[in-house]
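Enquirer: Supplied in structure tokens, the structure appears directly below.
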Amino acid sequence: MAATEDLEDLPGVGPATAEKLRENGYESYQGIAVASPGELSNTADVGESSAADIIQAAREAADIGGFESGATVLERREQIGKLSWGVEEVDELLGGGVETQSITEVYGEFGAGKSQVTHQLAVTVQLPAEHGGLEGSAIFIDSEDTFRPERIEQMVNGLDDETIEATMALHGVVGEESDADAGDESLVDDLVESMLDKIHVAKAFNSNHQILLAEKAQEIASESQDDEFPVRLLAVDSLTAHFRAEYVGRGELAERQQKLNKHLHDLMRVGDLNNTAVVVTNQVASNPDSFFGDPTQPIGGNILGHTSTFRMYLRKSKGNKRIVKLVDAPNLPDGEAVMRVEEGGLMAE
């Protein structure tokens, strides 16, 4: 694993500096190689010129930062996983599901189902690959007090019997899949407990705490990569709530956007370094100047728009129906799908 790499081999890194780097989540050459000199300088208490030398040496050791052929990029992209929403029509819209090594933004008004999506993905990420999962664990950064373990239990119970039985075998609830029984309440309860154990939840109390938790998430994800269930999902619900509340008015807009930009790049690093899917929910505002079309606009401005790889817009429809619209993706056409939010989770129309 990358964590076993000897950081003391890098020029200017002694035992004390190496220990500081490890304590702050820089456990591999790759993690150091993608840091900025300013970040590393503050973390390891070294000068910026020394930090730049350390980063350059790490880039050479990790063999990153140079040019490569399109064929090599294609080969590397084959490592990317696709995480199912549990709704086939939405998965097709996303080209197979939520991509790892990417940020997927889900925005919509209150009650549109954004938190339902993060809960559902925290369940599906733990499913066997043949049932749309990534056989991994999840990190859930909760800034709006939305995480409910009871909802996870409902969604596990809402899975079809075949998926429940395959997941029981994967999680070690039963020795063999043939021993699994989706009708056995005791076994299902054991499965729910196992799945809840694999969701790391932290409540963010303000924007600074949220940024700190993103840095901690990198540490947890890195350490988990040799585990049976490595971190494959990082969900932030919601990304912008604290930033919106703490930075009010145009006078504080520039500082807010700079802080949000750094936070997004911290999240992106977790995804890139650990082959993890990053899913963030976002609040919206209404544009009173809009006379035609939908006046709803996501918060976060161009910084969030440019950083998100995929943008999904959730819209309420009749009853429990929700319209899922793919607004932006680098390799997919825009489109819409319909899903239902039910007690058992997200369901196909």
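Ordered as shown in the structure tokens, chains take letters A, B, and onward, while each chain numbers its residues from 1 and ligands are numbered from 1 in the order shown.
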Using DSSP on the backbone coordinates, identify all residues within range 90-187 of chain A classified as helix (DSSP H, G or I); present the result as a PyMOL selection string.
Expert: chain A and resi 90-93+114-124+129-131+149-157+161-170+177-179+185-187
Enquirer: Using only C-alpha atoms, I'd like a table of the residues in range 269-325 of chain A that come within 10 Å of range 115-124 of chain A; for each, show the closest atom pair and its distance in Å rounded to one decimal, ordered by chain and ascending number, as a Markdown table.
Expert:
| residue | atom | partner | partner_atom | distance |
| --- | --- | --- | --- | --- |
| A:Ala277 | CA | A:Leu121 | CA | 9.8 |
| A:Val279 | CA | A:Thr118 | CA | 7.4 |
| A:Val280 | CA | A:Thr118 | CA | 8.2 |
| A:Thr281 | CA | A:Ser115 | CA | 7.6 |
| A:Leu314 | CA | A:Val117 | CA | 9.9 |
Enquirer: Now that the selection is made, can you save its residues with C-alpha atoms as a PDB file, in the first residue's frame?
Expert:
ATOM      1  CA  ALA A 277     -17.177   8.400  -5.948  1.00  0.00           C
ATOM      2  CA  VAL A 279     -21.449  12.933  -4.332  1.00  0.00           C
ATOM      3  CA  VAL A 280     -22.418  16.374  -3.033  1.00  0.00           C
ATOM      4  CA  THR A 281     -25.888  17.851  -2.618  1.00  0.00           C
ATOM      5  CA  LEU A 314     -33.920  16.864  -8.942  1.00  0.00           C
TER       6      LEU A 314
END
Enquirer: Sort by chain and increasing residue number a table of all residues of range 167-261 of chain A within 10 Å of range 94-111 of chain A, each with its closest pair of atoms and their distance in Å to one decimal, counting only C-alpha atoms, and write it as JSON lines.
Expert:
{"residue": "A:Arg232", "atom": "CA", "partner": "A:Thr100", "partner_atom": "CA", "distance": 7.4}
{"residue": "A:Leu233", "atom": "CA", "partner": "A:Thr100", "partner_atom": "CA", "distance": 7.9}
{"residue": "A:Leu234", "atom": "CA", "partner": "A:Ile103", "partner_atom": "CA", "distance": 9.4}
{"residue": "A:Ala235", "atom": "CA", "partner": "A:Thr104", "partner_atom": "CA", "distance": 9.6}
{"residue": "A:Val236", "atom": "CA", "partner": "A:Glu105", "partner_atom": "CA", "distance": 9.6}
{"residue": "A:Asp237", "atom": "CA", "partner": "A:Val106", "partner_atom": "CA", "distance": 9.6}
{"residue": "A:Ser238", "atom": "CA", "partner": "A:Tyr107", "partner_atom": "CA", "distance": 9.4}
{"residue": "A:Leu239", "atom": "CA", "partner": "A:Glu105", "partner_atom": "CA", "distance": 9.1}
Enquirer: Using DSSP on the backbone, list every residue of range 2-245 of chain A that comes out as strand (DSSP E), and give them as a PyMOL selection string.
Expert: chain A and resi 82-83+98-99+103-107+137-142+199-203+231-237
Enquirer: Next, the residues of the selection above should be written as an mmCIF file, in the first residue's frame with N, CA, C and O atoms.
Expert:
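Dumped to selection35.cif:
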data_model
loop_
_atom_site.group_PDB
_atom_site.id
_atom_site.type_symbol
_atom_site.label_atom_id
_atom_site.label_comp_id
_atom_site.auth_asym_id
_atom_site.auth_seq_id
_atom_site.Cartn_x
_atom_site.Cartn_y
_atom_site.Cartn_z
ATOM 1 N N LYS A 82 -18.582 2.162 -11.440
ATOM 2 C CA LYS A 82 -19.891 2.803 -11.637
ATOM 3 C C LYS A 82 -20.818 2.342 -10.516
ATOM 4 O O LYS A 82 -21.057 1.144 -10.343
ATOM 5 N N LEU A 83 -21.333 3.302 -9.778
ATOM 6 C CA LEU A 83 -22.197 3.015 -8.627
ATOM 7 C C LEU A 83 -23.653 3.248 -8.993
ATOM 8 O O LEU A 83 -24.027 4.344 -9.415
ATOM 9 N N VAL A 98 -23.050 6.346 -11.022
ATOM 10 C CA VAL A 98 -22.182 7.420 -10.527
ATOM 11 C C VAL A 98 -20.730 6.973 -10.643
ATOM 12 O O VAL A 98 -20.350 5.911 -10.157
ATOM 13 N N GLU A 99 -19.907 7.783 -11.294
ATOM 14 C CA GLU A 99 -18.498 7.421 -11.521
ATOM 15 C C GLU A 99 -17.643 7.657 -10.287
ATOM 16 O O GLU A 99 -17.815 8.654 -9.587
ATOM 17 N N ILE A 103 -16.674 14.158 -9.188
ATOM 18 C CA ILE A 103 -17.631 14.795 -8.281
ATOM 19 C C ILE A 103 -18.972 14.866 -8.995
ATOM 20 O O ILE A 103 -19.081 15.416 -10.094
ATOM 21 N N THR A 104 -19.998 14.289 -8.381
ATOM 22 C CA THR A 104 -21.361 14.361 -8.907
ATOM 23 C C THR A 104 -22.171 15.261 -7.983
ATOM 24 O O THR A 104 -22.277 14.999 -6.791
ATOM 25 N N GLU A 105 -22.699 16.334 -8.544
ATOM 26 C CA GLU A 105 -23.499 17.287 -7.764
ATOM 27 C C GLU A 105 -24.974 17.016 -8.010
ATOM 28 O O GLU A 105 -25.410 16.874 -9.153
ATOM 29 N N VAL A 106 -25.744 16.937 -6.926
ATOM 30 C CA VAL A 106 -27.193 16.742 -7.007
ATOM 31 C C VAL A 106 -27.850 17.960 -6.360
ATOM 32 O O VAL A 106 -27.667 18.196 -5.168
ATOM 33 N N TYR A 107 -28.558 18.755 -7.149
ATOM 34 C CA TYR A 107 -29.184 19.946 -6.569
ATOM 35 C C TYR A 107 -30.686 19.945 -6.812
ATOM 36 O O TYR A 107 -31.201 19.280 -7.709
ATOM 37 N N SER A 137 -17.128 0.784 1.417
ATOM 38 C CA SER A 137 -17.788 1.480 2.519
ATOM 39 C C SER A 137 -18.010 2.942 2.117
ATOM 40 O O SER A 137 -17.624 3.358 1.023
ATOM 41 N N ALA A 138 -18.636 3.710 3.014
ATOM 42 C CA ALA A 138 -19.008 5.091 2.694
ATOM 43 C C ALA A 138 -18.593 6.043 3.812
ATOM 44 O O ALA A 138 -18.538 5.654 4.981
ATOM 45 N N ILE A 139 -18.302 7.286 3.417
ATOM 46 C CA ILE A 139 -18.112 8.390 4.366
ATOM 47 C C ILE A 139 -19.232 9.382 4.108
ATOM 48 O O ILE A 139 -19.509 9.734 2.960
ATOM 49 N N PHE A 140 -19.901 9.827 5.179
ATOM 50 C CA PHE A 140 -21.048 10.724 5.052
ATOM 51 C C PHE A 140 -20.788 11.971 5.897
ATOM 52 O O PHE A 140 -20.777 11.906 7.118
ATOM 53 N N ILE A 141 -20.530 13.108 5.234
ATOM 54 C CA ILE A 141 -20.358 14.387 5.941
ATOM 55 C C ILE A 141 -21.714 15.084 5.950
ATOM 56 O O ILE A 141 -22.254 15.442 4.906
ATOM 57 N N ASP A 142 -22.264 15.251 7.148
ATOM 58 C CA ASP A 142 -23.643 15.717 7.329
ATOM 59 C C ASP A 142 -23.636 17.150 7.867
ATOM 60 O O ASP A 142 -23.283 17.384 9.017
ATOM 61 N N ILE A 199 -20.618 2.741 7.325
ATOM 62 C CA ILE A 199 -20.873 4.142 6.952
ATOM 63 C C ILE A 199 -20.260 5.022 8.035
ATOM 64 O O ILE A 199 -20.699 5.001 9.186
ATOM 65 N N HIS A 200 -19.224 5.769 7.681
ATOM 66 C CA HIS A 200 -18.555 6.673 8.632
ATOM 67 C C HIS A 200 -19.263 8.017 8.560
ATOM 68 O O HIS A 200 -19.183 8.707 7.539
ATOM 69 N N VAL A 201 -19.951 8.399 9.634
ATOM 70 C CA VAL A 201 -20.753 9.626 9.632
ATOM 71 C C VAL A 201 -20.107 10.681 10.523
ATOM 72 O O VAL A 201 -19.664 10.381 11.632
ATOM 73 N N ALA A 202 -20.041 11.920 10.032
ATOM 74 C CA ALA A 202 -19.561 13.041 10.842
ATOM 75 C C ALA A 202 -20.461 14.242 10.581
ATOM 76 O O ALA A 202 -20.794 14.535 9.435
ATOM 77 N N LYS A 203 -20.847 14.924 11.657
ATOM 78 C CA LYS A 203 -21.691 16.105 11.513
ATOM 79 C C LYS A 203 -20.812 17.348 11.478
ATOM 80 O O LYS A 203 -19.989 17.557 12.370
ATOM 81 N N VAL A 231 -13.100 2.494 1.277
ATOM 82 C CA VAL A 231 -14.030 3.608 1.045
ATOM 83 C C VAL A 231 -14.195 3.820 -0.457
ATOM 84 O O VAL A 231 -13.223 4.046 -1.167
ATOM 85 N N ARG A 232 -15.438 3.740 -0.923
ATOM 86 C CA ARG A 232 -15.741 3.931 -2.343
ATOM 87 C C ARG A 232 -16.778 5.034 -2.573
ATOM 88 O O ARG A 232 -17.134 5.324 -3.701
ATOM 89 N N LEU A 233 -17.272 5.644 -1.470
ATOM 90 C CA LEU A 233 -18.230 6.742 -1.614
ATOM 91 C C LEU A 233 -17.950 7.788 -0.543
ATOM 92 O O LEU A 233 -17.807 7.465 0.634
ATOM 93 N N LEU A 234 -17.876 9.044 -0.967
ATOM 94 C CA LEU A 234 -17.836 10.184 -0.052
ATOM 95 C C LEU A 234 -19.038 11.057 -0.382
ATOM 96 O O LEU A 234 -19.129 11.621 -1.478
ATOM 97 N N ALA A 235 -19.993 11.141 0.561
ATOM 98 C CA ALA A 235 -21.200 11.950 0.355
ATOM 99 C C ALA A 235 -21.147 13.169 1.269
ATOM 100 O O ALA A 235 -20.820 13.040 2.455
ATOM 101 N N VAL A 236 -21.460 14.335 0.721
ATOM 102 C CA VAL A 236 -21.533 15.564 1.509
ATOM 103 C C VAL A 236 -22.941 16.136 1.340
ATOM 104 O O VAL A 236 -23.334 16.525 0.244
ATOM 105 N N ASP A 237 -23.696 16.191 2.443
ATOM 106 C CA ASP A 237 -25.094 16.629 2.398
ATOM 107 C C ASP A 237 -25.322 17.676 3.504
ATOM 108 O O ASP A 237 -25.458 17.326 4.661
#
Enquirer: Please identify all polymer residues within 8 Å of range 57-67 of chain A, counting only C-alpha atoms, omitting same-chain residues fewer than 2 positions from it, and present them as a CSV table (one decimal) with all heavy atoms, in the first residue's frame.
Expert:
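The result, written out as out.csv:
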chain,number,residue,atom,x,y,z
A,10,LEU,N,12.5,11.2,0.5
A,10,LEU,CA,12.4,12.5,-0.2
A,10,LEU,C,13.3,13.5,0.3
A,10,LEU,O,13.6,13.6,1.6
A,10,LEU,CB,10.9,13.0,-0.1
A,10,LEU,CG,9.8,12.1,-0.7
A,10,LEU,CD1,8.5,12.7,-0.4
A,10,LEU,CD2,10.0,12.1,-2.2
A,11,PRO,N,13.9,14.3,-0.5
A,11,PRO,CA,14.9,15.3,-0.1
A,11,PRO,C,14.2,16.4,0.9
A,11,PRO,O,13.1,16.9,0.6
A,11,PRO,CB,15.4,16.0,-1.4
A,11,PRO,CG,14.3,15.7,-2.4
A,11,PRO,CD,13.7,14.4,-2.0
A,29,TYR,N,3.6,9.1,-1.8
A,29,TYR,CA,4.2,10.0,-2.7
A,29,TYR,C,3.1,10.7,-3.6
A,29,TYR,O,3.2,11.9,-3.9
A,29,TYR,CB,5.2,9.3,-3.7
A,29,TYR,CG,6.4,8.7,-3.0
A,29,TYR,CD1,7.1,7.6,-3.5
A,29,TYR,CD2,6.9,9.3,-1.8
A,29,TYR,CE1,8.2,7.1,-2.9
A,29,TYR,CE2,8.0,8.8,-1.2
A,29,TYR,CZ,8.7,7.7,-1.7
A,29,TYR,OH,9.8,7.2,-1.1
A,30,GLN,N,2.1,9.9,-3.9
A,30,GLN,CA,1.0,10.5,-4.8
A,30,GLN,C,0.3,11.6,-4.1
A,30,GLN,O,0.0,12.6,-4.7
A,30,GLN,CB,0.1,9.4,-5.2
A,30,GLN,CG,-0.9,9.8,-6.3
A,30,GLN,CD,-1.8,8.7,-6.8
A,30,GLN,OE1,-1.9,7.7,-6.2
A,30,GLN,NE2,-2.5,8.9,-7.9
A,32,ILE,N,1.4,13.6,-1.7
A,32,ILE,CA,2.3,14.8,-1.7
A,32,ILE,C,2.4,15.4,-3.1
A,32,ILE,O,2.4,16.6,-3.2
A,32,ILE,CB,3.7,14.4,-1.1
A,32,ILE,CG1,3.6,13.9,0.3
A,32,ILE,CG2,4.7,15.6,-1.2
A,32,ILE,CD1,4.8,13.3,0.9
A,33,ALA,N,2.5,14.6,-4.1
A,33,ALA,CA,2.7,15.1,-5.5
A,33,ALA,C,1.6,16.0,-5.9
A,33,ALA,O,1.8,16.9,-6.8
A,33,ALA,CB,2.9,13.9,-6.4
A,34,VAL,N,0.3,15.8,-5.4
A,34,VAL,CA,-0.8,16.6,-5.9
A,34,VAL,C,-1.1,17.8,-5.0
A,34,VAL,O,-2.1,18.5,-5.2
A,34,VAL,CB,-2.1,15.7,-6.1
A,34,VAL,CG1,-1.8,14.7,-7.2
A,34,VAL,CG2,-2.5,15.1,-4.8
A,53,ASP,N,10.4,21.7,-3.5
A,53,ASP,CA,11.3,20.6,-3.8
A,53,ASP,C,10.8,19.2,-3.4
A,53,ASP,O,11.0,18.2,-4.2
A,53,ASP,CB,12.7,20.9,-3.1
A,53,ASP,CG,13.4,22.1,-3.6
A,53,ASP,OD1,13.1,22.5,-4.7
A,53,ASP,OD2,14.2,22.7,-2.9
A,54,ILE,N,10.2,19.2,-2.3
A,54,ILE,CA,9.6,17.9,-1.8
A,54,ILE,C,8.5,17.4,-2.8
A,54,ILE,O,8.5,16.2,-3.1
A,54,ILE,CB,9.0,18.0,-0.4
A,54,ILE,CG1,10.1,18.3,0.7
A,54,ILE,CG2,8.2,16.8,0.0
A,54,ILE,CD1,9.6,18.7,2.0
A,55,ILE,N,7.7,18.3,-3.2
A,55,ILE,CA,6.6,18.0,-4.1
A,55,ILE,C,7.2,17.5,-5.5
A,55,ILE,O,6.7,16.5,-6.0
A,55,ILE,CB,5.6,19.2,-4.3
A,55,ILE,CG1,4.8,19.4,-3.1
A,55,ILE,CG2,4.7,18.9,-5.5
A,55,ILE,CD1,4.1,20.7,-3.0
A,69,SER,N,-0.2,9.2,-23.2
A,69,SER,CA,-1.0,9.1,-24.4
A,69,SER,C,-2.4,8.9,-24.1
A,69,SER,O,-2.8,8.5,-22.9
A,69,SER,CB,-0.5,7.8,-25.2
A,69,SER,OG,-0.8,6.6,-24.5
Enquirer: Write out as a PDB file with C-alpha atoms, in the first residue's frame which residues come within 10 Å of Asp189 in chain A when counting only C-alpha atoms, dropping same-chain ones fewer than 4 positions away.
Expert:
ATOM      1  CA  GLU A 153     -32.596   0.162   7.456  1.00  0.00           C
ATOM      2  CA  VAL A 156     -31.831  -2.310   2.959  1.00  0.00           C
ATOM      3  CA  ASN A 157     -35.220  -3.937   3.537  1.00  0.00           C
ATOM      4  CA  VAL A 173     -23.633 -12.557   7.675  1.00  0.00           C
ATOM      5  CA  ASP A 184     -35.201 -14.354   7.989  1.00  0.00           C
ATOM      6  CA  GLU A 185     -35.632 -11.166  10.060  1.00  0.00           C
ATOM      7  CA  GLU A 193     -26.051  -3.626  11.412  1.00  0.00           C
ATOM      8  CA  SER A 194     -23.114  -4.658   9.200  1.00  0.00           C
ATOM      9  CA  MET A 195     -23.992  -2.029   6.584  1.00  0.00           C
TER      10      MET A 195
END
Enquirer: Determine, counting only C-alpha atoms, which protein, DNA and RNA residues have an atom within 7 Å of an atom of Thr296 in chain A; residues of the same chain fewer than 3 positions away are not included. Present the result as an MDAnalysis selection string.
Expert: chainID A and resid 284:287
Enquirer: Using only C-alpha atoms, which residue out of A:Gly86, A:Ile299, A:Val174, A:Gly158 lies closest to Gly132 in chain A?
Expert: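 Among the listed residues, A:Gly86 lies closest to Gly132 in chain A.
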Enquirer: For each of A:Val73, A:Leu134, A:Ala35, A:Met312, take the minimum atom-to-atom distance to Lys262 in chain A, counting only C-alpha atoms, then give the residue where this is smallest.
Expert: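 Of all the options, A:Ala35 lies closest to Lys262 in chain A.
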Enquirer: Identify which of the residues A:Asp226, A:Asp294, A:Asp266, A:Glu150 lies closest to Val278 in chain A, counting only C-alpha atoms when measuring atom-to-atom distances.
Expert: A:Asp266
Enquirer: Interatomic distance between CA of Leu93 in chain A and CA of Leu326 in chain A?
Expert: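 That distance, rounded to one decimal, is 7.1 Å.
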Enquirer: Hey, could you make a per-residue contact list for range 29-120 of chain A against range 334-338 of chain A with 12 Å as the cut-off, showing the nearest pair of atoms and its distance in Å to one decimal, counting only C-alpha atoms, sorted by chain and number, as JSON lines?
Expert:
{"residue": "A:Trp85", "atom": "CA", "partner": "A:Ala337", "partner_atom": "CA", "distance": 11.9}
{"residue": "A:Val87", "atom": "CA", "partner": "A:Val338", "partner_atom": "CA", "distance": 9.0}
{"residue": "A:Glu88", "atom": "CA", "partner": "A:Ala337", "partner_atom": "CA", "distance": 9.4}
{"residue": "A:Glu89", "atom": "CA", "partner": "A:Ala337", "partner_atom": "CA", "distance": 5.9}
{"residue": "A:Val90", "atom": "CA", "partner": "A:Ala337", "partner_atom": "CA", "distance": 5.7}
{"residue": "A:Asp91", "atom": "CA", "partner": "A:Ala337", "partner_atom": "CA", "distance": 9.3}
{"residue": "A:Glu92", "atom": "CA", "partner": "A:Ala337", "partner_atom": "CA", "distance": 9.0}
{"residue": "A:Leu93", "atom": "CA", "partner": "A:Gly335", "partner_atom": "CA", "distance": 6.5}
{"residue": "A:Leu94", "atom": "CA", "partner": "A:Gly335", "partner_atom": "CA", "distance": 9.3}
{"residue": "A:Gly95", "atom": "CA", "partner": "A:Gly335", "partner_atom": "CA", "distance": 11.2}
Enquirer: Selection from above, all heavy atoms, as a compact mmCIF listing (two decimals), in the first residue's frame, can you write it?
Expert:
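Final output, result37.txt:
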# COMPACT_ATOMS: atom_id res chain seq x y z
N TRP A 85 -27.66 3.90 -8.83
CA TRP A 85 -28.66 4.62 -8.01
C TRP A 85 -29.73 3.66 -7.52
O TRP A 85 -30.54 4.01 -6.68
CB TRP A 85 -29.36 5.69 -8.86
CG TRP A 85 -28.66 6.99 -8.94
CD1 TRP A 85 -27.35 7.20 -9.22
CD2 TRP A 85 -29.24 8.30 -8.76
NE1 TRP A 85 -27.08 8.54 -9.24
CE2 TRP A 85 -28.22 9.25 -8.96
CE3 TRP A 85 -30.53 8.76 -8.47
CZ2 TRP A 85 -28.44 10.63 -8.86
CZ3 TRP A 85 -30.74 10.13 -8.38
CH2 TRP A 85 -29.71 11.05 -8.57
N VAL A 87 -31.92 2.68 -9.67
CA VAL A 87 -32.99 2.96 -10.64
C VAL A 87 -32.37 2.87 -12.03
O VAL A 87 -31.52 3.68 -12.40
CB VAL A 87 -33.58 4.37 -10.42
CG1 VAL A 87 -34.69 4.64 -11.44
CG2 VAL A 87 -34.10 4.53 -9.00
N GLU A 88 -32.78 1.88 -12.80
CA GLU A 88 -32.13 1.59 -14.08
C GLU A 88 -32.14 2.77 -15.04
O GLU A 88 -31.15 3.06 -15.70
CB GLU A 88 -32.81 0.37 -14.73
CG GLU A 88 -32.07 -0.13 -15.95
CD GLU A 88 -32.69 -1.39 -16.54
OE1 GLU A 88 -33.57 -1.99 -15.88
OE2 GLU A 88 -32.30 -1.77 -17.66
N GLU A 89 -33.26 3.49 -15.09
CA GLU A 89 -33.39 4.62 -16.02
C GLU A 89 -32.37 5.73 -15.69
O GLU A 89 -31.79 6.35 -16.57
CB GLU A 89 -34.82 5.17 -15.97
CG GLU A 89 -35.16 6.06 -17.15
CD GLU A 89 -36.59 6.59 -17.09
OE1 GLU A 89 -37.38 6.11 -16.27
OE2 GLU A 89 -36.90 7.52 -17.88
N VAL A 90 -32.16 5.96 -14.37
CA VAL A 90 -31.19 6.98 -13.96
C VAL A 90 -29.77 6.50 -14.24
O VAL A 90 -28.91 7.28 -14.68
CB VAL A 90 -31.36 7.33 -12.46
CG1 VAL A 90 -30.32 8.36 -12.03
CG2 VAL A 90 -32.76 7.85 -12.18
N ASP A 91 -29.51 5.21 -14.01
CA ASP A 91 -28.18 4.66 -14.31
C ASP A 91 -27.84 4.81 -15.80
O ASP A 91 -26.70 5.13 -16.16
CB ASP A 91 -28.12 3.18 -13.91
CG ASP A 91 -28.08 3.00 -12.39
OD1 ASP A 91 -27.75 3.97 -11.68
OD2 ASP A 91 -28.37 1.88 -11.91
N GLU A 92 -28.83 4.58 -16.65
CA GLU A 92 -28.62 4.75 -18.10
C GLU A 92 -28.31 6.21 -18.43
O GLU A 92 -27.46 6.50 -19.28
CB GLU A 92 -29.87 4.28 -18.86
CG GLU A 92 -30.05 2.77 -18.87
CD GLU A 92 -31.34 2.35 -19.55
OE1 GLU A 92 -32.05 3.23 -20.10
OE2 GLU A 92 -31.66 1.13 -19.53
N LEU A 93 -29.00 7.12 -17.76
CA LEU A 93 -28.76 8.56 -17.95
C LEU A 93 -27.31 8.91 -17.63
O LEU A 93 -26.68 9.75 -18.29
CB LEU A 93 -29.71 9.32 -17.03
CG LEU A 93 -29.95 10.81 -17.28
CD1 LEU A 93 -30.64 11.03 -18.61
CD2 LEU A 93 -30.78 11.40 -16.14
N LEU A 94 -26.75 8.23 -16.60
CA LEU A 94 -25.38 8.50 -16.14
C LEU A 94 -24.34 7.60 -16.81
O LEU A 94 -23.18 7.58 -16.40
CB LEU A 94 -25.31 8.29 -14.62
CG LEU A 94 -25.91 9.40 -13.76
CD1 LEU A 94 -26.07 8.94 -12.33
CD2 LEU A 94 -25.06 10.65 -13.83
N GLY A 95 -24.75 6.86 -17.82
CA GLY A 95 -23.80 6.00 -18.53
C GLY A 95 -23.38 4.80 -17.71
O GLY A 95 -22.26 4.30 -17.86
Enquirer: Could you tell me which of A:Asn261, A:Ser186, A:Thr276, A:Ser143 comes closest to Ser207 in chain A if we count only C-alpha atoms?
Expert: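 Selected residue with least distance to Ser207 in chain A: A:Ser143.
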Enquirer: Need the shell around Asn274 in chain A: protein/DNA/RNA residues with any atom at most 7 Å away, counting only C-alpha atoms. Skip same-chain ones fewer than 2 positions apart. Format as a PyMOL selection string?
Expert: chain A and resi 221-222+270-272+276
Enquirer: Calculated over only C-alpha atoms, which of the candidates A:Ala16, A:Ile323, A:Ala254, A:Leu191 has the smallest distance to Leu159 in chain A?
Expert: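 For Leu159 in chain A, the nearest of the given residues is A:Leu191.
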